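J.: Input file: entry-v6.txt. Contents: compact mmCIF, C-alpha atoms.
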# COMPACT_ATOMS: atom_id res chain seq x y z
CA MET A 1185 35.72 -37.58 -23.61
CA ALA A 1186 33.78 -35.37 -21.20
CA THR A 1187 33.17 -31.70 -21.77
CA ASP A 1188 33.50 -29.24 -18.94
CA PRO A 1189 29.96 -27.99 -18.11
CA SER A 1190 31.29 -24.46 -17.67
CA GLU A 1191 32.31 -24.44 -21.35
CA TYR A 1192 28.70 -25.20 -22.29
CA GLU A 1193 27.45 -22.39 -20.06
CA LYS A 1194 29.93 -19.96 -21.61
CA ALA A 1195 28.89 -20.90 -25.16
CA MET A 1196 25.12 -20.73 -24.66
CA PRO A 1197 24.75 -16.93 -24.97
CA PHE A 1198 26.58 -17.06 -28.32
CA VAL A 1199 24.52 -20.02 -29.53
CA GLY A 1200 21.29 -18.28 -28.49
CA ALA A 1201 22.29 -15.07 -30.26
CA HIS A 1202 23.15 -17.00 -33.43
CA LEU A 1203 19.84 -18.87 -33.36
CA ALA A 1204 17.97 -15.58 -32.92
CA LYS A 1205 19.68 -14.24 -36.05
CA ILE A 1206 18.65 -17.34 -38.00
CA GLU A 1207 15.09 -17.04 -36.73
CA ARG A 1208 14.85 -13.39 -37.80
CA ALA A 1209 16.17 -14.28 -41.28
CA VAL A 1210 13.69 -17.15 -41.63
CA ASP A 1211 10.78 -15.00 -40.42
CA ARG A 1212 11.67 -12.21 -42.84
CA THR A 1213 12.02 -14.64 -45.75
CA ARG A 1214 8.78 -16.41 -44.89
CA ALA A 1215 6.93 -13.08 -44.77
CA SER A 1216 8.23 -11.94 -48.14
CA HIS A 1217 8.64 -15.19 -50.13
CA SER A 1218 6.19 -17.78 -48.79
CA GLY A 1219 4.98 -20.01 -51.63
CA ARG A 1220 7.50 -18.68 -54.15
CA PRO A 1221 9.76 -21.03 -56.16
CA PHE A 1222 12.43 -22.85 -54.14
CA VAL A 1223 15.39 -21.24 -55.95
CA GLU A 1224 14.02 -17.76 -55.32
CA VAL A 1225 13.29 -18.52 -51.66
CA ARG A 1226 16.72 -20.04 -51.09
CA GLN A 1227 18.47 -16.99 -52.54
CA ALA A 1228 16.34 -14.64 -50.43
CA LEU A 1229 17.08 -16.73 -47.33
CA VAL A 1230 20.83 -16.70 -48.01
CA GLU A 1231 20.69 -12.91 -48.36
CA ALA A 1232 18.63 -12.56 -45.17
CA LEU A 1233 21.10 -14.74 -43.26
CA GLU A 1234 23.98 -12.60 -44.55
CA HIS A 1235 22.12 -9.44 -43.52
CA GLU A 1236 21.70 -10.85 -40.00
CA GLY A 1237 25.35 -11.92 -39.83
CA ALA A 1238 24.39 -15.60 -39.68
CA GLN A 1239 26.13 -16.91 -42.79
CA ARG A 1240 27.45 -20.01 -41.00
CA VAL A 1241 24.46 -22.29 -41.48
CA VAL A 1242 24.81 -25.82 -42.82
CA PRO A 1243 23.74 -25.79 -46.51
CA GLN A 1244 21.33 -28.69 -45.99
CA VAL A 1245 19.58 -26.66 -43.26
CA VAL A 1246 19.27 -23.68 -45.61
CA ASP A 1247 17.85 -26.00 -48.28
CA GLU A 1248 15.30 -27.50 -45.90
CA LEU A 1249 14.19 -24.11 -44.57
CA ALA A 1250 13.85 -22.80 -48.13
CA ARG A 1251 11.87 -25.90 -49.11
CA GLN A 1252 9.48 -25.38 -46.20
CA ILE A 1253 9.03 -21.68 -46.96
CA SER A 1254 8.45 -22.32 -50.66
CA GLY A 1255 5.99 -25.11 -49.95
CA THR A 1256 7.89 -27.48 -52.21
CA PRO A 1257 6.79 -31.03 -51.39
CA VAL A 1258 9.30 -33.54 -50.13
CA ILE A 1259 10.16 -36.02 -52.85
CA PRO A 1260 10.84 -39.37 -51.21
CA PRO A 1261 13.90 -41.28 -52.37
CA PRO A 1262 13.22 -44.06 -54.88
CA ASP A 1263 12.39 -47.45 -53.41
CA ILE A 1264 15.32 -49.60 -54.47
CA HIS A 1265 13.57 -52.72 -53.22
CA ALA A 1266 10.52 -52.45 -55.46
Show how you would write the structure in this file as structure tokens.

T.:
Amino acid sequence: MATDPSEYEKAMPFVGAHLAKIERAVDRTRASHSGRPFVEVRQALVEALEHEGAQRVVPQVVDELARQISGTPVIPPPDIHA
């Protein structure tokens, strides 16, 4: 199924505006909560996203951004073949 290229062009300003809101929320959270515990960072990020009007972010993306801001290391999944 092909998508009409004009639909993409129409959507891009809205996508760009939404991404700018997310970026502002992440920047604000990073400035105020860098290195803090994950739970605290995630809550601050959720509040910053709400403040920007960008609540519609996939929860896994919010988790990953909060993890990066907090500096929480990635815990690899267990090796089931060991």

J.: Which one of A:Asp1247, A:Asp1188, A:Glu1231, A:Asp1263 sits closest to Ala1209 in chain A if you count all atoms listed in the file?

T.: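 That would be A:Glu1231, the residue with the smallest distance to Ala1209 in chain A.
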
J.: Using CA of Pro1243 in chain A and CA of Glu1224 in chain A as the two end points, give the distance in Å to one decimal.

T.: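 For CA of Pro1243 in chain A relative to CA of Glu1224 in chain A, the distance reads 15.4 Å.
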
J.: Please provide the set of residues having any atom within 8 Å of range 1234-1239 of chain A, restricted to all atoms listed in the file, with same-chain residues fewer than 5 positions apart removed, written as a PyMOL selection string.

T.: chain A and resi 1202+1205-1206+1208-1209

J.: Kindly indicate which residue among A:Pro1257, A:Leu1203, A:Ala1215, A:Phe1198 lies nearest to Val1241 in chain A, using all atoms listed in the file for the distances.

T.: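 For Val1241 in chain A, the nearest of the candidates is A:Leu1203.
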
J.: For a test of reading the model, state the distance in Å between CA of Arg1226 in chain A and CA of Gly1255 in chain A, rounded to one decimal.

T.: 11.9 Å

J.: Would you mind reading off the distance between CA of Pro1221 in chain A and CA of Ala1250 in chain A, one decimal, in Å?

T.: 9.2 Å

J.: Point out the residue among A:Asp1211, A:Glu1191, A:Val1199, A:Pro1262 with the least atom-to-atom distance to Arg1240 in chain A, counting all atoms listed in the file.

T.: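 For Arg1240 in chain A, the nearest of the candidates is A:Val1199.
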
J.: Find the residues around Arg1220 in chain A up to 8 Å (all atoms listed in the file counted), leave out those fewer than 2 positions away in its own chain, and share them as number ranges by chain.

T.: A: 1217-1218, 1222, 1224-1225, 1253-1255

J.: Would you save the residues from that selection as a PDB file, keeping the file's coordinate frame, using C-alpha atoms?

T.:
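Now in selection-v6.pdb:
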ATOM      1  CA  HIS A1217       8.640 -15.190 -50.130  1.00  0.00           C
ATOM      2  CA  SER A1218       6.190 -17.780 -48.790  1.00  0.00           C
ATOM      3  CA  PHE A1222      12.430 -22.850 -54.140  1.00  0.00           C
ATOM      4  CA  GLU A1224      14.020 -17.760 -55.320  1.00  0.00           C
ATOM      5  CA  VAL A1225      13.290 -18.520 -51.660  1.00  0.00           C
ATOM      6  CA  ILE A1253       9.030 -21.680 -46.960  1.00  0.00           C
ATOM      7  CA  SER A1254       8.450 -22.320 -50.660  1.00  0.00           C
ATOM      8  CA  GLY A1255       5.990 -25.110 -49.950  1.00  0.00           C
TER       9      GLY A1255
END

J.: Would you list the contacts of Val1210 in chain A as a PyMOL selection string, taking every protein, DNA or RNA residue within 8 Å and counting only C-alpha atoms, but skipping same-chain residues closer than 5 positions in sequence?

T.: chain A and resi 1229+1232-1233+1249

J.: Enclose the full set of atoms of range 1241-1252 of chain A listed in the file within a box whose edges lie along x, y and z, apply 6 Å of padding to each of the six sides, and report centre and edge lengths in Å to one decimal as JSON.

T.:
{"center_x": 17.1, "center_y": -25.5, "center_z": -45.3, "size_x": 27.3, "size_y": 18.4, "size_z": 19.6}

J.: Since the input lacks atoms, please generate N, CA, C and O atoms for range 1208-1229 of chain A and provide them as a PDB file, keeping the file's coordinate frame.

T.:
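Writing done, so here's rebuild.pdb:
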ATOM      1  N   ARG A1208      15.262 -14.643 -37.165  1.00  0.00           N
ATOM      2  CA  ARG A1208      14.850 -13.390 -37.800  1.00  0.00           C
ATOM      3  C   ARG A1208      14.936 -13.497 -39.329  1.00  0.00           C
ATOM      4  O   ARG A1208      14.049 -13.028 -40.055  1.00  0.00           O
ATOM      5  N   ALA A1209      16.008 -14.113 -39.829  1.00  0.00           N
ATOM      6  CA  ALA A1209      16.170 -14.280 -41.280  1.00  0.00           C
ATOM      7  C   ALA A1209      15.067 -15.163 -41.854  1.00  0.00           C
ATOM      8  O   ALA A1209      14.507 -14.853 -42.913  1.00  0.00           O
ATOM      9  N   VAL A1210      14.744 -16.241 -41.163  1.00  0.00           N
ATOM     10  CA  VAL A1210      13.690 -17.150 -41.630  1.00  0.00           C
ATOM     11  C   VAL A1210      12.341 -16.433 -41.607  1.00  0.00           C
ATOM     12  O   VAL A1210      11.567 -16.513 -42.572  1.00  0.00           O
ATOM     13  N   ASP A1211      12.052 -15.724 -40.518  1.00  0.00           N
ATOM     14  CA  ASP A1211      10.780 -15.000 -40.420  1.00  0.00           C
ATOM     15  C   ASP A1211      10.636 -13.972 -41.533  1.00  0.00           C
ATOM     16  O   ASP A1211       9.577 -13.853 -42.156  1.00  0.00           O
ATOM     17  N   ARG A1212      11.705 -13.229 -41.799  1.00  0.00           N
ATOM     18  CA  ARG A1212      11.670 -12.210 -42.840  1.00  0.00           C
ATOM     19  C   ARG A1212      11.463 -12.857 -44.214  1.00  0.00           C
ATOM     20  O   ARG A1212      10.663 -12.374 -45.024  1.00  0.00           O
ATOM     21  N   THR A1213      12.154 -13.959 -44.464  1.00  0.00           N
ATOM     22  CA  THR A1213      12.020 -14.640 -45.750  1.00  0.00           C
ATOM     23  C   THR A1213      10.631 -15.247 -45.905  1.00  0.00           C
ATOM     24  O   THR A1213      10.029 -15.162 -46.973  1.00  0.00           O
ATOM     25  N   ARG A1214      10.116 -15.823 -44.833  1.00  0.00           N
ATOM     26  CA  ARG A1214       8.780 -16.410 -44.890  1.00  0.00           C
ATOM     27  C   ARG A1214       7.736 -15.325 -45.186  1.00  0.00           C
ATOM     28  O   ARG A1214       6.822 -15.533 -45.985  1.00  0.00           O
ATOM     29  N   ALA A1215       7.889 -14.170 -44.566  1.00  0.00           N
ATOM     30  CA  ALA A1215       6.930 -13.080 -44.770  1.00  0.00           C
ATOM     31  C   ALA A1215       6.956 -12.555 -46.202  1.00  0.00           C
ATOM     32  O   ALA A1215       5.916 -12.181 -46.747  1.00  0.00           O
ATOM     33  N   SER A1216       8.111 -12.540 -46.806  1.00  0.00           N
ATOM     34  CA  SER A1216       8.230 -11.940 -48.140  1.00  0.00           C
ATOM     35  C   SER A1216       8.200 -12.948 -49.295  1.00  0.00           C
ATOM     36  O   SER A1216       7.937 -12.556 -50.435  1.00  0.00           O
ATOM     37  N   HIS A1217       8.476 -14.232 -49.023  1.00  0.00           N
ATOM     38  CA  HIS A1217       8.640 -15.190 -50.130  1.00  0.00           C
ATOM     39  C   HIS A1217       7.849 -16.488 -49.967  1.00  0.00           C
ATOM     40  O   HIS A1217       8.061 -17.424 -50.731  1.00  0.00           O
ATOM     41  N   SER A1218       6.956 -16.558 -49.015  1.00  0.00           N
ATOM     42  CA  SER A1218       6.190 -17.780 -48.790  1.00  0.00           C
ATOM     43  C   SER A1218       5.467 -18.202 -50.075  1.00  0.00           C
ATOM     44  O   SER A1218       4.823 -17.397 -50.738  1.00  0.00           O
ATOM     45  N   GLY A1219       5.637 -19.475 -50.442  1.00  0.00           N
ATOM     46  CA  GLY A1219       4.980 -20.010 -51.630  1.00  0.00           C
ATOM     47  C   GLY A1219       5.673 -19.729 -52.940  1.00  0.00           C
ATOM     48  O   GLY A1219       5.233 -20.189 -53.998  1.00  0.00           O
ATOM     49  N   ARG A1220       6.770 -18.975 -52.911  1.00  0.00           N
ATOM     50  CA  ARG A1220       7.500 -18.680 -54.150  1.00  0.00           C
ATOM     51  C   ARG A1220       8.357 -19.894 -54.530  1.00  0.00           C
ATOM     52  O   ARG A1220       8.552 -20.801 -53.735  1.00  0.00           O
ATOM     53  N   PRO A1221       8.918 -19.911 -55.737  1.00  0.00           N
ATOM     54  CA  PRO A1221       9.760 -21.030 -56.160  1.00  0.00           C
ATOM     55  C   PRO A1221      10.969 -21.226 -55.227  1.00  0.00           C
ATOM     56  O   PRO A1221      11.538 -20.259 -54.711  1.00  0.00           O
ATOM     57  N   PHE A1222      11.342 -22.492 -55.050  1.00  0.00           N
ATOM     58  CA  PHE A1222      12.430 -22.850 -54.140  1.00  0.00           C
ATOM     59  C   PHE A1222      13.699 -22.038 -54.390  1.00  0.00           C
ATOM     60  O   PHE A1222      14.299 -21.518 -53.445  1.00  0.00           O
ATOM     61  N   VAL A1223      14.135 -21.943 -55.638  1.00  0.00           N
ATOM     62  CA  VAL A1223      15.390 -21.240 -55.950  1.00  0.00           C
ATOM     63  C   VAL A1223      15.331 -19.785 -55.500  1.00  0.00           C
ATOM     64  O   VAL A1223      16.285 -19.258 -54.919  1.00  0.00           O
ATOM     65  N   GLU A1224      14.203 -19.155 -55.724  1.00  0.00           N
ATOM     66  CA  GLU A1224      14.020 -17.760 -55.320  1.00  0.00           C
ATOM     67  C   GLU A1224      14.025 -17.635 -53.795  1.00  0.00           C
ATOM     68  O   GLU A1224      14.649 -16.721 -53.238  1.00  0.00           O
ATOM     69  N   VAL A1225      13.342 -18.545 -53.128  1.00  0.00           N
ATOM     70  CA  VAL A1225      13.290 -18.520 -51.660  1.00  0.00           C
ATOM     71  C   VAL A1225      14.668 -18.762 -51.075  1.00  0.00           C
ATOM     72  O   VAL A1225      15.088 -18.068 -50.151  1.00  0.00           O
ATOM     73  N   ARG A1226      15.392 -19.728 -51.624  1.00  0.00           N
ATOM     74  CA  ARG A1226      16.720 -20.040 -51.090  1.00  0.00           C
ATOM     75  C   ARG A1226      17.653 -18.843 -51.219  1.00  0.00           C
ATOM     76  O   ARG A1226      18.381 -18.518 -50.287  1.00  0.00           O
ATOM     77  N   GLN A1227      17.618 -18.165 -52.360  1.00  0.00           N
ATOM     78  CA  GLN A1227      18.470 -16.990 -52.540  1.00  0.00           C
ATOM     79  C   GLN A1227      18.093 -15.889 -51.557  1.00  0.00           C
ATOM     80  O   GLN A1227      18.961 -15.265 -50.948  1.00  0.00           O
ATOM     81  N   ALA A1228      16.796 -15.666 -51.377  1.00  0.00           N
ATOM     82  CA  ALA A1228      16.340 -14.640 -50.430  1.00  0.00           C
ATOM     83  C   ALA A1228      16.756 -15.004 -49.000  1.00  0.00           C
ATOM     84  O   ALA A1228      17.154 -14.137 -48.221  1.00  0.00           O
ATOM     85  N   LEU A1229      16.684 -16.285 -48.664  1.00  0.00           N
ATOM     86  CA  LEU A1229      17.080 -16.730 -47.330  1.00  0.00           C
ATOM     87  C   LEU A1229      18.576 -16.539 -47.119  1.00  0.00           C
ATOM     88  O   LEU A1229      19.001 -16.064 -46.060  1.00  0.00           O
TER      89      LEU A1229
END
